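Okay, coords09.cif is below, mmCIF, C-alpha atoms and all ligand atoms:
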```
data_target
loop_
_atom_site.label_atom_id
_atom_site.label_comp_id
_atom_site.auth_asym_id
_atom_site.auth_seq_id
_atom_site.Cartn_x
_atom_site.Cartn_y
_atom_site.Cartn_z
CA MET A 8 117.67 66.92 190.18
CA THR A 9 115.87 69.77 191.91
CA ASP A 10 114.97 69.72 195.56
CA SER A 11 111.27 69.86 194.81
CA ALA A 12 111.55 66.63 192.81
CA LEU A 13 113.03 64.79 195.77
CA PRO A 14 109.93 64.07 197.82
CA SER A 15 108.30 62.16 194.98
CA LEU A 16 110.99 59.47 194.97
CA PRO A 17 110.51 56.47 197.25
CA ASP A 18 112.54 56.83 200.42
CA LEU A 19 114.42 53.62 201.21
CA LEU A 20 114.27 54.52 204.90
CA ASP A 21 110.47 54.29 204.90
CA TYR A 22 110.54 50.55 204.13
CA GLU A 23 110.88 47.64 206.52
CA PRO A 24 114.05 45.61 205.90
CA GLU A 25 112.37 42.87 203.84
CA ALA A 26 110.63 45.37 201.60
CA ALA A 27 113.69 47.58 201.17
CA LEU A 28 115.79 44.57 200.18
CA ALA A 29 113.14 43.37 197.73
CA LEU A 30 112.94 46.82 196.17
CA LEU A 31 116.70 47.07 195.84
CA ARG A 32 117.08 43.53 194.45
CA ALA A 33 114.45 44.18 191.81
CA TRP A 34 116.08 47.47 190.91
CA MET A 35 119.54 45.86 190.62
CA ALA A 36 118.15 42.98 188.54
CA GLU A 37 116.51 45.42 186.14
CA ARG A 38 119.89 47.00 185.54
CA GLY A 39 121.78 43.73 185.26
CA GLU A 40 123.69 44.47 188.48
CA PRO A 41 124.71 41.58 190.74
CA SER A 42 122.23 41.07 193.57
CA TYR A 43 124.87 41.51 196.30
CA ARG A 44 124.76 45.21 195.44
CA ALA A 45 121.30 45.32 197.03
CA GLY A 46 122.80 44.10 200.30
CA GLN A 47 125.59 46.66 200.06
CA VAL A 48 123.14 49.52 199.71
CA PHE A 49 120.90 48.12 202.42
CA GLY A 50 123.86 47.89 204.82
CA ARG A 51 124.32 51.64 204.44
CA LEU A 52 120.75 52.44 205.46
CA TRP A 53 120.80 51.55 209.16
CA GLN A 54 123.84 49.58 210.19
CA ARG A 55 126.63 51.73 208.79
CA PRO A 56 124.52 54.74 207.90
CA VAL A 57 125.60 57.44 205.48
CA ASP A 58 123.74 60.60 204.53
CA SER A 59 123.64 60.12 200.76
CA PHE A 60 124.10 57.56 197.98
CA GLU A 61 127.13 59.59 196.99
CA ALA A 62 128.80 58.61 200.27
CA MET A 63 128.42 54.85 199.58
CA SER A 64 132.01 54.70 198.43
CA GLU A 65 132.07 50.93 197.97
CA LEU A 66 129.68 51.31 195.01
CA PRO A 67 130.72 52.37 191.49
CA LYS A 68 130.08 56.06 190.91
CA ALA A 69 127.60 55.48 188.08
CA LEU A 70 125.57 53.17 190.28
CA ARG A 71 125.46 55.75 193.08
CA GLU A 72 124.22 58.33 190.62
CA ALA A 73 121.57 55.98 189.26
CA LEU A 74 120.38 55.17 192.79
CA ALA A 75 120.01 58.88 193.52
CA GLN A 76 117.81 59.21 190.42
CA SER A 77 115.49 56.46 191.68
CA PHE A 78 115.41 56.72 195.47
CA ARG A 79 115.86 59.04 198.38
CA ILE A 80 117.41 58.48 201.77
CA THR A 81 116.06 61.21 204.01
CA THR A 82 118.63 62.60 206.34
CA LEU A 83 117.30 64.81 209.09
CA GLU A 84 118.94 68.19 209.33
CA LEU A 85 120.18 68.95 212.83
CA ALA A 86 119.04 72.49 213.68
CA THR A 87 120.25 72.75 217.27
CA ARG A 88 121.89 70.59 219.87
CA GLN A 89 121.78 71.50 223.55
CA ARG A 90 123.49 69.77 226.41
CA SER A 91 122.18 69.86 229.97
CA SER A 92 124.48 70.00 232.98
CA ASP A 93 123.21 66.50 233.85
CA GLY A 94 124.37 65.07 230.50
CA THR A 95 120.93 64.98 228.88
CA GLU A 96 121.03 66.27 225.32
CA LYS A 97 118.23 67.72 223.26
CA PHE A 98 118.33 67.68 219.47
CA LEU A 99 116.09 69.75 217.26
CA PHE A 100 115.70 68.47 213.70
CA ARG A 101 114.38 70.40 210.72
CA LEU A 102 112.38 68.25 208.28
CA HIS A 103 112.25 68.75 204.50
CA ASP A 104 109.10 70.88 204.81
CA GLY A 105 110.50 73.03 207.60
CA GLN A 106 108.75 71.24 210.49
CA LEU A 107 110.82 71.04 213.66
CA ILE A 108 110.87 67.95 215.86
CA GLU A 109 112.72 67.10 219.05
CA THR A 110 114.68 64.10 220.21
CA VAL A 111 116.16 63.81 223.69
CA ALA A 112 119.10 61.55 224.58
CA ILE A 113 119.26 60.65 228.26
CA PRO A 114 122.36 58.90 229.56
CA ASP A 115 122.03 56.92 232.78
CA GLY A 116 124.90 54.67 233.76
CA ASP A 117 125.41 52.23 230.93
CA ARG A 118 122.00 53.01 229.51
CA MET A 119 121.24 55.59 226.85
CA THR A 120 117.56 56.30 226.32
CA PHE A 121 116.27 58.21 223.33
CA CYS A 122 112.95 59.98 223.71
CA ILE A 123 111.67 60.24 220.14
CA SER A 124 108.86 62.11 218.37
CA SER A 125 106.17 60.45 216.26
CA GLN A 126 104.27 63.54 215.07
CA ALA A 127 105.07 67.18 214.44
CA GLY A 128 102.86 68.78 217.08
CA CYS A 129 99.94 66.90 218.62
CA ALA A 130 96.16 67.02 218.33
CA LEU A 131 95.35 65.90 221.86
CA GLN A 132 95.55 69.20 223.77
CA CYS A 133 96.39 67.75 227.19
CA ALA A 134 96.10 70.76 229.49
CA PHE A 135 99.64 70.58 230.94
CA CYS A 136 101.54 69.61 227.79
CA ALA A 137 103.66 72.01 225.77
CA THR A 138 103.35 69.96 222.57
CA GLY A 139 99.54 70.00 222.83
CA ALA A 140 99.61 73.78 222.89
CA MET A 141 101.36 73.82 219.48
CA GLY A 142 98.50 71.98 217.78
CA PHE A 143 98.87 69.18 215.26
CA GLN A 144 101.08 69.77 212.23
CA ARG A 145 101.49 66.37 210.59
CA ASN A 146 102.34 62.72 211.03
CA LEU A 147 105.98 61.71 210.70
CA GLN A 148 107.14 59.00 208.29
CA PRO A 149 109.16 55.96 209.44
CA SER A 150 112.23 57.62 207.87
CA GLU A 151 111.63 60.59 210.16
CA ILE A 152 110.90 58.60 213.33
CA ALA A 153 113.54 55.87 213.08
CA GLY A 154 115.54 58.55 211.27
CA GLN A 155 116.00 60.39 214.58
CA VAL A 156 117.94 57.39 215.86
CA ARG A 157 119.83 57.12 212.59
CA ALA A 158 120.78 60.79 212.69
CA LEU A 159 122.29 60.51 216.17
CA ARG A 160 124.22 57.41 215.12
CA MET A 161 125.75 59.44 212.28
CA LEU A 162 127.16 62.11 214.60
CA THR A 163 130.86 62.14 215.41
CA PRO A 164 131.20 60.55 217.88
CA PRO A 165 127.99 58.57 217.38
CA VAL A 166 125.25 58.63 220.03
CA ILE A 167 123.81 55.12 220.23
CA PRO A 168 120.68 54.20 222.19
CA THR A 169 120.10 51.15 224.36
CA ASN A 170 116.45 52.13 224.95
CA ILE A 171 113.77 53.99 223.05
CA VAL A 172 110.69 55.69 224.47
CA PHE A 173 107.98 57.23 222.28
CA MET A 174 107.58 60.12 224.70
CA GLY A 175 108.65 62.99 222.50
CA MET A 176 106.23 65.05 220.46
CA GLY A 177 103.01 63.47 219.30
CA GLU A 178 100.73 60.54 219.99
CA PRO A 179 102.35 57.42 218.50
CA LEU A 180 99.15 55.40 218.36
CA MET A 181 97.46 58.09 216.25
CA ASN A 182 100.21 57.48 213.68
CA TRP A 183 100.21 53.69 213.69
CA LYS A 184 100.64 53.58 209.91
CA ALA A 185 104.19 54.88 210.38
CA VAL A 186 104.84 53.73 213.94
CA GLY A 187 104.18 50.06 213.06
CA PRO A 188 106.98 49.91 210.43
CA THR A 189 109.16 52.12 212.65
CA LEU A 190 108.97 49.52 215.43
CA THR A 191 110.25 46.93 212.95
CA LEU A 192 113.09 49.21 211.91
CA LEU A 193 114.08 49.91 215.50
CA ASN A 194 113.95 46.24 216.48
CA ASP A 195 115.08 44.23 213.41
CA PRO A 196 118.71 43.14 213.78
CA ARG A 197 119.25 44.05 210.11
CA ALA A 198 118.18 47.62 210.87
CA LEU A 199 118.71 49.27 214.29
CA GLY A 200 118.63 46.07 216.38
CA ILE A 201 117.20 47.43 219.64
CA GLY A 202 115.53 44.76 221.80
CA ALA A 203 111.73 45.00 221.83
CA ARG A 204 111.71 45.07 225.64
CA HIS A 205 113.81 48.19 225.43
CA ILE A 206 111.26 50.01 223.28
CA THR A 207 108.29 51.68 225.01
CA ILE A 208 105.27 53.18 223.29
CA SER A 209 103.56 55.83 225.38
CA THR A 210 99.92 56.62 224.65
CA VAL A 211 96.96 58.48 226.09
CA GLY A 212 95.01 55.27 225.47
CA VAL A 213 94.13 55.18 221.77
CA LEU A 214 92.24 51.89 221.83
CA PRO A 215 92.64 50.70 218.20
CA GLY A 216 96.36 51.42 218.49
CA ILE A 217 96.67 49.38 221.68
CA VAL A 218 94.99 46.47 219.89
CA ALA A 219 97.37 46.85 216.93
CA LEU A 220 100.36 46.91 219.28
CA SER A 221 99.13 43.85 221.16
CA GLU A 222 98.91 41.95 217.88
CA ARG A 223 102.63 42.39 217.29
CA PRO A 224 104.59 39.29 218.24
CA GLU A 225 107.50 41.30 219.64
CA GLN A 226 107.55 42.22 223.33
CA PHE A 227 107.28 45.98 222.88
CA ARG A 228 106.33 47.79 226.07
CA LEU A 229 103.24 49.89 226.59
CA ALA A 230 102.95 52.93 228.83
CA ILE A 231 99.60 54.66 229.29
CA SER A 232 99.25 58.29 230.30
CA ILE A 233 96.54 58.10 232.96
CA HIS A 234 97.13 61.36 234.85
CA ALA A 235 93.74 61.30 236.60
CA PRO A 236 91.90 58.42 238.28
CA SER A 237 88.32 59.48 237.41
CA ASP A 238 86.60 60.40 234.15
CA ALA A 239 85.40 63.69 235.62
CA LEU A 240 88.91 64.88 236.41
CA ARG A 241 90.60 63.20 233.44
CA LYS A 242 88.24 64.94 231.01
CA THR A 243 89.36 68.33 232.27
CA LEU A 244 93.05 67.44 231.76
CA MET A 245 92.82 65.23 228.68
CA PRO A 246 90.02 65.96 226.18
CA VAL A 247 90.69 62.56 224.56
CA ASN A 248 89.03 60.97 227.59
CA THR A 249 85.66 61.73 225.98
CA LYS A 250 86.52 59.43 223.09
CA TYR A 251 88.40 56.82 225.12
CA PRO A 252 87.04 56.83 228.68
CA LEU A 253 89.05 55.49 231.58
CA ALA A 254 87.13 52.22 231.99
CA GLU A 255 87.85 51.25 228.38
CA VAL A 256 91.49 52.23 228.66
CA ILE A 257 91.87 50.13 231.83
CA GLU A 258 90.15 47.21 230.11
CA ALA A 259 92.57 47.50 227.16
CA ALA A 260 95.48 47.55 229.60
CA ARG A 261 94.12 44.47 231.32
CA ALA A 262 93.74 42.67 227.99
CA PHE A 263 97.28 43.59 226.89
CA ASP A 264 99.37 40.47 227.26
CA ARG A 265 102.33 42.25 228.81
CA ARG A 266 102.49 44.33 231.92
CA VAL A 267 101.75 48.00 231.31
CA THR A 268 103.06 51.11 232.99
CA PHE A 269 100.77 53.95 234.06
CA GLU A 270 102.22 57.40 233.69
CA TYR A 271 100.86 59.90 236.17
CA VAL A 272 102.08 63.48 236.06
CA MET A 273 101.78 65.10 239.49
CA LEU A 274 99.85 68.38 239.27
CA GLY A 275 99.88 70.39 242.50
CA GLY A 276 96.45 70.40 244.19
CA VAL A 277 94.81 68.85 241.11
CA ASN A 278 95.42 65.10 241.06
CA ASP A 279 97.76 64.57 244.01
CA GLN A 280 95.37 64.18 246.96
CA PRO A 281 95.03 61.03 249.10
CA GLU A 282 91.70 60.13 247.50
CA HIS A 283 93.36 60.23 244.07
CA ALA A 284 95.99 57.78 245.30
CA ALA A 285 93.26 55.42 246.52
CA GLN A 286 91.38 55.60 243.20
CA LEU A 287 94.55 55.21 241.17
CA ALA A 288 95.64 52.18 243.21
CA GLN A 289 92.29 50.57 242.45
CA LEU A 290 92.73 51.11 238.69
CA ALA A 291 96.33 49.89 238.74
CA ARG A 292 95.35 46.76 240.60
CA GLU A 293 92.59 46.00 238.10
CA CYS A 294 95.15 45.65 235.33
CA ARG A 295 98.29 44.90 237.38
CA ALA A 296 99.94 48.08 236.16
CA PHE A 297 103.22 49.51 237.34
CA VAL A 298 102.88 53.22 238.21
CA ASN A 299 105.37 55.88 237.26
CA LEU A 300 104.80 59.17 239.06
CA ILE A 301 106.13 62.05 237.00
CA PRO A 302 107.02 65.39 238.56
CA LEU A 303 105.53 68.12 236.36
CA HIS A 304 108.22 69.48 234.08
CA PRO A 305 107.97 73.23 234.56
CA GLY A 306 108.67 74.08 230.89
CA GLY A 307 105.32 75.14 229.41
CA SER A 308 103.27 73.95 232.37
CA MET A 309 100.37 76.25 231.51
CA GLY A 310 99.31 77.44 234.94
CA PHE A 311 99.88 74.15 236.76
CA THR A 312 102.30 73.90 239.65
CA PRO A 313 104.43 70.88 240.48
CA THR A 314 103.42 68.77 243.46
CA PRO A 315 105.97 69.28 246.27
CA ALA A 316 108.43 66.40 246.62
CA PRO A 317 107.19 65.25 250.08
CA VAL A 318 103.64 65.05 248.73
CA ILE A 319 104.86 62.91 245.80
CA THR A 320 106.65 60.65 248.29
CA ALA A 321 103.48 60.30 250.36
CA PHE A 322 101.44 59.59 247.22
CA ALA A 323 103.92 56.89 246.16
CA LYS A 324 103.74 55.38 249.62
CA ALA A 325 99.93 55.36 249.52
CA LEU A 326 100.09 53.41 246.25
CA ARG A 327 102.69 50.97 247.58
CA THR A 328 100.76 50.24 250.75
CA ARG A 329 97.90 49.24 248.47
CA GLY A 330 100.17 46.76 246.73
CA VAL A 331 100.93 48.83 243.62
CA GLU A 332 104.49 48.92 242.37
CA THR A 333 105.45 52.55 242.01
CA ALA A 334 108.44 54.56 240.87
CA VAL A 335 109.02 58.31 240.92
CA ARG A 336 110.85 59.82 238.01
CA ARG A 337 113.47 62.43 238.44
CA SER A 338 113.25 65.20 235.86
CA ARG A 339 116.24 65.45 233.60
CA GLY A 340 117.38 68.23 231.35
CA LEU A 341 115.52 70.92 233.29
CA ASP A 342 117.99 73.56 232.15
CA ILE A 343 117.47 72.80 228.45
CA ALA A 344 113.67 72.49 228.48
CA ALA A 345 113.87 68.81 227.55
CA ALA A 346 110.29 69.05 226.47
CA CYS A 347 109.15 65.47 226.73
CA GLY A 348 109.47 66.45 230.27
CA GLN A 349 109.13 63.34 232.26
CA LEU A 350 112.67 62.18 232.07
CA ARG A 351 114.50 59.81 234.29
CA THR A 352 112.98 57.81 237.05
CA GLU A 353 114.30 56.93 240.42
CA ARG A 354 112.73 54.40 242.64
CA LEU A 355 111.88 55.64 246.07
CA GLY A 356 111.82 53.41 249.07
CA ARG A 357 112.60 49.76 248.90
CA ARG A 358 113.51 47.98 245.72
CA ALA A 359 110.52 46.82 243.76
CA PRO A 360 110.32 43.06 243.27
CA VAL A 361 111.20 43.13 239.57
CA ALA A 362 114.59 42.95 237.97
CA PRO A 363 115.76 46.40 236.85
CA GLU A 364 115.88 45.32 233.22
CA VAL A 365 112.20 44.38 233.29
CA HIS A 366 111.31 48.02 233.64
CA GLY A 367 114.65 49.19 232.34
CA GLU A 368 113.32 51.71 229.94
CA VAL A 369 111.10 53.45 232.44
CA HIS A 370 114.02 54.12 234.75
CA VAL A 371 115.35 56.63 232.32
CA ALA A 372 112.26 57.49 230.37
N1 LIG B 401 101.17 61.23 223.46
C1 LIG B 401 101.88 60.26 224.25
C2 LIG B 401 103.39 60.40 224.22
C3 LIG B 401 104.01 61.77 224.34
S1 LIG B 401 104.04 62.61 225.88
C4 LIG B 401 101.37 60.27 225.67
O1 LIG B 401 100.66 61.21 226.02
O2 LIG B 401 101.63 59.33 226.42
C5 LIG B 401 104.97 61.61 226.97
C6 LIG B 401 104.58 61.83 228.42
O3 LIG B 401 104.98 63.14 228.86
C7 LIG B 401 103.08 61.75 228.66
O4 LIG B 401 102.82 60.97 229.80
C8 LIG B 401 102.73 63.19 228.89
O5 LIG B 401 101.53 63.35 229.58
C9 LIG B 401 103.94 63.68 229.65
N2 LIG B 401 104.08 65.12 229.76
C10 LIG B 401 103.66 66.07 228.91
N3 LIG B 401 103.94 67.30 229.37
C11 LIG B 401 104.56 67.13 230.55
C12 LIG B 401 105.13 68.02 231.52
N4 LIG B 401 105.08 69.35 231.35
N5 LIG B 401 105.69 67.48 232.62
C13 LIG B 401 105.74 66.14 232.79
N6 LIG B 401 105.24 65.26 231.91
C14 LIG B 401 104.66 65.75 230.80
#
```
Can the structure from this file be put into structure tokens for me?
Ligand code: SAH
Amino acid sequence: MTDSALPSLPDLLDYEPEAALALLRAWMAERGEPSYRAGQVFGRLWQRPVDSFEAMSELPKALREALAQSFRITTLELATRQRSSDGTEKFLFRLHDGQLIETVAIPDGDRMTFCISSQAGCALQCAFCATGAMGFQRNLQPSEIAGQVRALRMLTPPVIPTNIVFMGMGEPLMNWKAVGPTLTLLNDPRALGIGARHITISTVGVLPGIVALSERPEQFRLAISIHAPSDALRKTLMPVNTKYPLAEVIEAARAFDRRVTFEYVMLGGVNDQPEHAAQLAQLARECRAFVNLIPLHPGGSMGFTPTPAPVITAFAKALRTRGVETAVRRSRGLDIAAACGQLRTERLGRRAPVAPEVHGEVHVA
């Protein structure tokens, strides 16, 4: 089989567990194979992953060859792996069409958070974001999104996540078609088995996507990139604000049945003044949001300067005195340009009145 023929075969890693099993059972039945063979193949997709049918050594050789004629299992090619002095690792994967995507693995105590990509590039053009500057290349498939987690599990030794944040490249809610099934793959105990409360979708506020996410029965977490507390300012930083203005985003956050997190990247002299804190507190209170203040990651900051640490502290305090729960993230992986940029959080000041696990994933996001 030639390489160019490969993409036309169905990729078993693009299917949710139920569908993949149904497909495999039907395929086995057609060939007069016992149905337990379907379970054997399925077990090699996510739980004990291998990079090819050939490597499924518990199957007869002829069956492995026949599977490879009918299906694909996409395995992401690791292009580079960089390790930061703080233990954060960045992985660059090359996709079958040459696109490059990033995944960041952030260890923090007994937690390991993966920051994963949902698109190659991004269409949103947020003024301070390095991915926005690349432009949009294409949507990723479930096999390429959940596949980032799979690929790290296949390393020796394996890197296994406790938490997932969709804060890598791309806007996950502009790729709901793939992100929806990916959430199932990440969460389903027959696939990657990561608790829904440990999976956070970060969005600029794509309203139909927020509705779709809220219709899921699982307790996935929602983080919204606010970054400015007024339409006038937000429009200058985030062109998407024209399509989804702040009031509608706040209303969607209020309607969401779980508590949301606001992400707010601190841009020196731009959105970090006392009046911004007052406006932001008002918005957060309207929808009972938790606020994460994010120091600007200097990599690709496009003319913006980070807010000085004491100003961030004062801003956090201004939010807290207005009754808004607030955390300040500490940047991780600065020395390896960990491009999702907004890495680990540290709470300043007194402990917030929620159990750490409630906001577990934002600690290390
Ligand atoms: N499109 C989604 C998810 C990807 S970006 C979203 O915008 O939420 C994840 C987070 O990183 C967003 O809050 C984004 O605004 C932030 N971010 C982008 N560039 C950054 C930088 N240079 N420093 C700090 N945070 C950054």
Quick one, how far is atom CA of A:Thr189 from atom CA of A:Asp18? 13.5 Å
Pick the closest to A:Ser59 from A:Ser125, A:Gln47, A:Thr81, A:Asn299: which is it, counting all atoms listed in the file? A:Thr81
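Near ligand LIG 401 (chain B), the residues found within 6 Å are Phe135, Cys136, Ala137, Phe173, Met174, Gly175, Met176, Gly177, Glu178, Ser209, Thr210, Val211, Ile231, Ser232, Glu270, Val272, Ile301, Pro302, Leu303, His304, Pro305, Gly306, Ser308, Cys347, Gly348 and Gln349 of chain A (criterion computed using all atoms listed in the file).
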Identify which of the residues A:Cys294, A:Ala285, A:Leu274, A:Val247 lies closest to A:Phe311, counting only C-alpha atoms when measuring atom-to-atom distances.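 That would be A:Leu274, the residue with the smallest distance to A:Phe311.
Using all atoms listed in the file, the smallest distance between any of A:Ser338, A:Thr191, A:Ser92, A:Gln106 and A:Leu20 comes from A:Thr191.
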